[in-house]
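Worksheet: one structure, shown below.
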Amino acid sequence: TVDGTALGILDSQVWARESTLDGRTHNQKKVDRKRTPIEDKESYRWLKSFQRLCEIQATSSKSFHFVSICDREGDIFELFLEHAKNTNENKPDLLIRARTNRNITSGETKYLYEELNQISEFAEYDIIIPKKKNSQAREATLRLKFKEVSIKPSYDLPKKNQYPNIPLYAISASEVNPPKGRDPIHWIILTTIPILNFKDAFEKIEWYRRRWVIETFFKTLKSGCKIEEHQFQTLERLQRVLAIDSIIAWRILFLTTLGRECPDLPASVLFEEHEWKALHARLYMTKDVPNEVPKLSLVMRQIGQLGGHLGRKGDGHPGVLALARGLYKLQSAAIMWKLLTYG
């Protein structure tokens, strides 16, 4: 959702990379990539994802509108072209962080970045940069600019003269006076959604920031579910377990978000009675468990503790990895509690 809650998984792709030990030099590979059709490149997954989203949008209620949010790998002319070719009135939109300084058809300059730098009108607003592994959370002031642009086909496209220019909206968000020793934030976003004022631009930047939830999902899938440790002999078996692990990773992510955003909800909205009772018994090694349903925030902290989160004053909320470990331990305890208590 626009506030960052992960509701589930619409689609996923699995592919295997070709070997890099093929004897070709870096320059040879670069030339080959330019000559290779987009359908034969690994980057085609971005187009496939958008095509799948179009199918889902077409069969969904008009009250739901989907936006494909991509990082810089998704800054592909063919992806913007795929959106432009879709004539469905209710098609999804694109919101992509720019990777290249694209040629544009109008304005005072010929290039996207320089054109945005020429804009004198701007707005400023403050955001909180979340805590990272090697840095504390901090406040940052972003300077916002926006402009309607029309991008030209990429120079390395074969027969590029056959492709039209694509109208888009560009947003620049750059940090003002960053702390000493820190790289300043500078995002340039390209979107198919009309940006008519600074309120629209701010909203789309916030949408882009929600994309980090996707990175957290894959971190949970990789480190929490330990998908790289599976030892299956066929791709089909690996795909089946990935489907199950993806649901588990989503549930952990959903629990994490809801536990932080709605801490006063009763734990019964997400956990069965035998689960939160088994959790209390396992964590405190006691048979005396509460009869009253605890708050969701308490249960999430207890699961985190079970997974190794120390829960000290400065430790903050338990992360997805601690919750993943705690949930795995809780599963066996909950099954045993249910068998011994309810028969």
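Every chain in the structure tokens has a letter given in the order shown (A, B, ...), and although residue numbers restart at 1 in each chain, ligands are simply numbered from 1 in the order shown.
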Exercise. Can you tell me, as a list in words, what residues are no more than 9 Å from stretch 232-249 of chain A when counting only C-alpha atoms, ignoring any on the same chain fewer than 4 positions away?
Worked result: Gly8, Ile9, Ser12, Val14, Phe217, Phe218, Lys219, Thr220, Leu221, Gly224, Cys225, Lys226, Ile227, Leu253, Phe254, Val320 and Ala324 of chain A
Could you list, with a cut-off of 12 Å and counting only C-alpha atoms, the residues of stretch 51-133 of chain A near stretch 161-183 of chain A, each shown with its nearest atom pair and the distance in Å rounded to one decimal, rows sorted by chain and ascending number, as CSV?
residue,atom,partner,partner_atom,distance
A:Ile76,CA,A:Ile166,CA,11.8
A:Phe77,CA,A:Ile166,CA,8.6
A:Glu78,CA,A:Tyr163,CA,9.6
A:Leu79,CA,A:Ile166,CA,10.6
A:Phe80,CA,A:Ile166,CA,7.1
A:Leu81,CA,A:Ile166,CA,7.0
A:Glu82,CA,A:Ile166,CA,10.4
A:His83,CA,A:Ile166,CA,9.6
A:Ala84,CA,A:Ile166,CA,7.3
A:Lys85,CA,A:Ile166,CA,10.3
A:Asp93,CA,A:Leu168,CA,10.9
A:Leu94,CA,A:Leu168,CA,9.7
A:Leu95,CA,A:Tyr169,CA,9.6
A:Ile96,CA,A:Ala170,CA,9.7
A:Arg97,CA,A:Ile171,CA,9.4
A:Ala98,CA,A:Ala170,CA,9.0
A:Asn101,CA,A:Ala170,CA,11.7
A:Arg102,CA,A:Ala170,CA,11.2
A:Asn103,CA,A:Asn165,CA,10.0
A:Ile104,CA,A:Asn165,CA,8.4
A:Thr105,CA,A:Asn165,CA,7.8
A:Ser106,CA,A:Pro167,CA,10.7
A:Tyr111,CA,A:Ala170,CA,12.0
A:Leu112,CA,A:Ala170,CA,8.3
A:Tyr113,CA,A:Ser172,CA,8.7
A:Glu114,CA,A:Ser172,CA,11.1
A:Glu115,CA,A:Ala170,CA,10.0
A:Leu116,CA,A:Ser172,CA,6.9
A:Asn117,CA,A:Ser172,CA,8.7
A:Gln118,CA,A:Ser172,CA,11.4
A:Ile119,CA,A:Ser172,CA,10.1
A:Glu121,CA,A:Ser172,CA,11.8
A:Phe122,CA,A:Ser172,CA,9.7
A:Ala123,CA,A:Ala173,CA,9.7
A:Glu124,CA,A:Val176,CA,8.7
A:Tyr125,CA,A:Glu175,CA,9.8
A:Asp126,CA,A:Glu175,CA,9.4
A:Ile127,CA,A:Glu175,CA,10.0
A:Ile128,CA,A:Glu175,CA,11.9
A:Ile129,CA,A:Glu175,CA,11.3
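One finds atom CA of A:Leu258 at 28.0 Å from atom CA of A:Phe50.
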Exercise. In Å, with one decimal, what is the gap from atom CA of A:Asp11 to atom CA of A:Glu229?
Worked result: 23.0 Å
Problem set entry | Given only C-alpha atoms as the counted atoms, nearest of A:Ser61, A:Lys329, A:Cys70, A:Leu53 to A:Ile214 |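 The closest residue to A:Ile214 is A:Cys70.
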Problem set entry | Contact residues around A:Phe66 with only C-alpha atoms at 10 Å, ignoring same-chain residues under 5 positions, as a ChimeraX atom specification | /A:1,53-54,56-57,60,90-94
Seminar exercise, completed: Taken to one decimal, the atom CA of A:Gln305-atom CA of A:Leu283 distance is 7.9 Å
For this session: Enumerate the residues of stretch 151-274 of chain A with a DSSP assignment of alpha helix (DSSP H), computed from the backbone, and present them as a PyMOL selection string.
Result: chain A and resi 198-210+212-219+235-261+273-274
Could you write out the selected residues, including N, CA and C atoms, as a compact mmCIF listing (two decimals), in the first residue's frame?
# COMPACT_ATOMS: atom_id res chain seq x y z
N PHE A 198 4.12 20.51 -6.28
CA PHE A 198 5.10 19.94 -5.34
C PHE A 198 4.47 18.87 -4.45
N LYS A 199 3.18 18.98 -4.20
CA LYS A 199 2.51 17.94 -3.40
C LYS A 199 2.57 16.60 -4.12
N ASP A 200 2.31 16.63 -5.45
CA ASP A 200 2.42 15.40 -6.25
C ASP A 200 3.85 14.85 -6.22
N ALA A 201 4.82 15.75 -6.36
CA ALA A 201 6.22 15.33 -6.40
C ALA A 201 6.64 14.70 -5.07
N PHE A 202 6.25 15.33 -3.96
CA PHE A 202 6.57 14.79 -2.64
C PHE A 202 5.95 13.40 -2.46
N GLU A 203 4.70 13.25 -2.88
CA GLU A 203 4.02 11.96 -2.74
C GLU A 203 4.77 10.86 -3.49
N LYS A 204 5.24 11.15 -4.70
CA LYS A 204 5.92 10.12 -5.50
C LYS A 204 7.28 9.77 -4.92
N ILE A 205 7.96 10.75 -4.32
CA ILE A 205 9.21 10.45 -3.63
C ILE A 205 8.95 9.51 -2.46
N GLU A 206 7.86 9.75 -1.74
CA GLU A 206 7.52 8.87 -0.62
C GLU A 206 7.18 7.47 -1.13
N TRP A 207 6.53 7.39 -2.27
CA TRP A 207 6.25 6.08 -2.85
C TRP A 207 7.56 5.36 -3.18
N TYR A 208 8.50 6.08 -3.75
CA TYR A 208 9.78 5.45 -4.08
C TYR A 208 10.47 4.94 -2.82
N ARG A 209 10.38 5.69 -1.73
CA ARG A 209 11.01 5.27 -0.48
C ARG A 209 10.39 3.97 0.04
N ARG A 210 9.13 3.71 -0.29
CA ARG A 210 8.48 2.46 0.14
C ARG A 210 9.10 1.25 -0.54
N TRP A 212 11.93 0.20 -0.46
CA TRP A 212 12.87 -0.51 0.39
C TRP A 212 12.23 -1.73 1.05
N VAL A 213 10.92 -1.74 1.16
CA VAL A 213 10.22 -2.91 1.70
C VAL A 213 10.53 -4.15 0.86
N ILE A 214 10.67 -3.96 -0.45
CA ILE A 214 10.98 -5.08 -1.34
C ILE A 214 12.37 -5.63 -1.02
N GLU A 215 13.33 -4.73 -0.77
CA GLU A 215 14.68 -5.17 -0.41
C GLU A 215 14.65 -5.94 0.91
N THR A 216 13.84 -5.46 1.86
CA THR A 216 13.72 -6.15 3.14
C THR A 216 13.11 -7.53 2.96
N PHE A 217 12.16 -7.64 2.04
CA PHE A 217 11.55 -8.94 1.74
C PHE A 217 12.61 -9.93 1.26
N PHE A 218 13.46 -9.50 0.32
CA PHE A 218 14.48 -10.41 -0.20
C PHE A 218 15.55 -10.71 0.85
N LYS A 219 15.83 -9.75 1.71
CA LYS A 219 16.76 -10.02 2.82
C LYS A 219 16.18 -11.10 3.73
N LEU A 235 15.54 -27.76 -10.75
CA LEU A 235 14.99 -26.42 -10.68
C LEU A 235 13.54 -26.45 -10.21
N GLU A 236 12.79 -27.46 -10.66
CA GLU A 236 11.37 -27.55 -10.30
C GLU A 236 11.18 -27.66 -8.79
N ARG A 237 12.00 -28.46 -8.14
CA ARG A 237 11.90 -28.62 -6.68
C ARG A 237 12.29 -27.33 -5.97
N LEU A 238 13.32 -26.67 -6.48
CA LEU A 238 13.74 -25.40 -5.88
C LEU A 238 12.63 -24.35 -6.03
N GLN A 239 11.96 -24.33 -7.17
CA GLN A 239 10.87 -23.36 -7.38
C GLN A 239 9.72 -23.60 -6.40
N ARG A 240 9.43 -24.86 -6.12
CA ARG A 240 8.33 -25.16 -5.19
C ARG A 240 8.64 -24.65 -3.79
N VAL A 241 9.87 -24.91 -3.33
CA VAL A 241 10.22 -24.47 -1.98
C VAL A 241 10.36 -22.94 -1.92
N LEU A 242 10.78 -22.32 -3.03
CA LEU A 242 10.84 -20.87 -3.07
C LEU A 242 9.45 -20.25 -2.94
N ALA A 243 8.46 -20.91 -3.53
CA ALA A 243 7.08 -20.41 -3.42
C ALA A 243 6.63 -20.42 -1.96
N ILE A 244 6.94 -21.50 -1.25
CA ILE A 244 6.57 -21.60 0.17
C ILE A 244 7.36 -20.59 1.00
N ASP A 245 8.67 -20.52 0.75
CA ASP A 245 9.51 -19.58 1.51
C ASP A 245 9.10 -18.14 1.27
N SER A 246 8.63 -17.83 0.07
CA SER A 246 8.19 -16.47 -0.24
C SER A 246 6.99 -16.07 0.61
N ILE A 247 6.08 -17.00 0.81
CA ILE A 247 4.91 -16.73 1.66
C ILE A 247 5.35 -16.51 3.11
N ILE A 248 6.30 -17.35 3.56
CA ILE A 248 6.81 -17.20 4.93
C ILE A 248 7.49 -15.84 5.09
N ALA A 249 8.32 -15.47 4.11
CA ALA A 249 9.03 -14.19 4.18
C ALA A 249 8.05 -13.02 4.18
N TRP A 250 6.99 -13.12 3.36
CA TRP A 250 5.98 -12.06 3.35
C TRP A 250 5.30 -11.96 4.72
N ARG A 251 4.96 -13.10 5.31
CA ARG A 251 4.26 -13.06 6.61
C ARG A 251 5.14 -12.42 7.68
N ILE A 252 6.43 -12.73 7.67
CA ILE A 252 7.35 -12.12 8.63
C ILE A 252 7.37 -10.60 8.42
N LEU A 253 7.44 -10.19 7.16
CA LEU A 253 7.46 -8.76 6.84
C LEU A 253 6.16 -8.08 7.27
N PHE A 254 5.04 -8.74 7.04
CA PHE A 254 3.74 -8.19 7.41
C PHE A 254 3.62 -8.07 8.93
N LEU A 255 4.06 -9.11 9.65
CA LEU A 255 4.04 -9.07 11.11
C LEU A 255 4.90 -7.93 11.65
N THR A 256 6.08 -7.75 11.03
CA THR A 256 6.99 -6.70 11.47
C THR A 256 6.34 -5.33 11.33
N THR A 257 5.73 -5.09 10.17
CA THR A 257 5.10 -3.79 9.91
C THR A 257 3.93 -3.55 10.84
N LEU A 258 3.06 -4.53 10.96
CA LEU A 258 1.85 -4.36 11.77
C LEU A 258 2.20 -4.23 13.25
N GLY A 259 3.22 -4.98 13.69
CA GLY A 259 3.62 -4.90 15.09
C GLY A 259 4.15 -3.53 15.46
N ARG A 260 4.77 -2.83 14.50
CA ARG A 260 5.30 -1.50 14.77
C ARG A 260 4.25 -0.41 14.59
N GLU A 261 3.41 -0.58 13.58
CA GLU A 261 2.44 0.48 13.25
C GLU A 261 1.18 0.39 14.11
N GLU A 273 -4.57 -18.81 19.81
CA GLU A 273 -4.39 -18.84 21.26
C GLU A 273 -3.22 -19.74 21.67
N HIS A 274 -3.14 -20.92 21.05
CA HIS A 274 -2.07 -21.83 21.44
C HIS A 274 -0.69 -21.28 21.06
For this session: Determine which residues of stretch 86-135 of chain A DSSP labels as strand (DSSP E or B) from the backbone of this structure, then write them out as a list in words.
Result: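 Filtering stretch 86-135 of chain A down to strand (DSSP E or B) leaves Asp93, Leu94, Leu95, Ile96, Arg97, Asn103, Ile104, Tyr111, Ala123, Glu124, Tyr125, Asp126, Ile127, Ile128, Ile129, Lys132 and Ser135 of chain A.
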Output file for the selection above: N, CA and C atoms, as an mmCIF file, in the first residue's frame:
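So again-v5.cif came out as:
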data_model
loop_
_atom_site.group_PDB
_atom_site.id
_atom_site.type_symbol
_atom_site.label_atom_id
_atom_site.label_comp_id
_atom_site.auth_asym_id
_atom_site.auth_seq_id
_atom_site.Cartn_x
_atom_site.Cartn_y
_atom_site.Cartn_z
ATOM 1 N N ASP A 93 1.024 2.154 -13.811
ATOM 2 C CA ASP A 93 2.006 3.212 -14.055
ATOM 3 C C ASP A 93 3.396 2.747 -13.665
ATOM 4 N N LEU A 94 4.389 3.535 -14.066
ATOM 5 C CA LEU A 94 5.781 3.262 -13.747
ATOM 6 C C LEU A 94 6.348 4.380 -12.877
ATOM 7 N N LEU A 95 7.199 4.010 -11.935
ATOM 8 C CA LEU A 95 7.913 4.980 -11.115
ATOM 9 C C LEU A 95 9.318 4.418 -10.911
ATOM 10 N N ILE A 96 10.315 4.998 -11.590
ATOM 11 C CA ILE A 96 11.632 4.381 -11.709
ATOM 12 C C ILE A 96 12.718 5.388 -11.373
ATOM 13 N N ARG A 97 13.683 4.966 -10.591
ATOM 14 C CA ARG A 97 14.837 5.828 -10.316
ATOM 15 C C ARG A 97 15.772 5.818 -11.517
ATOM 16 N N ASN A 103 19.015 11.649 -23.049
ATOM 17 C CA ASN A 103 18.752 12.726 -23.996
ATOM 18 C C ASN A 103 17.270 13.083 -23.952
ATOM 19 N N ILE A 104 16.969 14.361 -23.965
ATOM 20 C CA ILE A 104 15.587 14.815 -23.985
ATOM 21 C C ILE A 104 15.370 15.713 -25.202
ATOM 22 N N TYR A 111 20.093 17.348 -22.040
ATOM 23 C CA TYR A 111 20.186 16.191 -21.171
ATOM 24 C C TYR A 111 19.328 16.371 -19.913
ATOM 25 N N ALA A 123 11.015 23.272 -3.754
ATOM 26 C CA ALA A 123 10.428 23.192 -2.412
ATOM 27 C C ALA A 123 11.341 22.316 -1.569
ATOM 28 N N GLU A 124 11.343 22.535 -0.269
ATOM 29 C CA GLU A 124 12.168 21.743 0.636
ATOM 30 C C GLU A 124 11.302 21.085 1.700
ATOM 31 N N TYR A 125 11.669 19.886 2.084
ATOM 32 C CA TYR A 125 10.967 19.194 3.157
ATOM 33 C C TYR A 125 11.926 18.228 3.845
ATOM 34 N N ASP A 126 11.589 17.875 5.064
ATOM 35 C CA ASP A 126 12.456 17.027 5.885
ATOM 36 C C ASP A 126 11.954 15.588 5.901
ATOM 37 N N ILE A 127 12.887 14.666 5.860
ATOM 38 C CA ILE A 127 12.568 13.244 5.983
ATOM 39 C C ILE A 127 13.505 12.624 7.014
ATOM 40 N N ILE A 128 13.124 11.470 7.517
ATOM 41 C CA ILE A 128 13.965 10.711 8.435
ATOM 42 C C ILE A 128 14.625 9.575 7.661
ATOM 43 N N ILE A 129 15.953 9.564 7.668
ATOM 44 C CA ILE A 129 16.709 8.472 7.060
ATOM 45 C C ILE A 129 16.843 7.374 8.105
ATOM 46 N N LYS A 132 20.862 2.505 9.783
ATOM 47 C CA LYS A 132 21.504 1.451 9.007
ATOM 48 C C LYS A 132 22.564 0.767 9.857
ATOM 49 N N SER A 135 25.347 3.326 10.665
ATOM 50 C CA SER A 135 24.979 4.725 10.886
ATOM 51 C C SER A 135 23.645 4.812 11.606
#
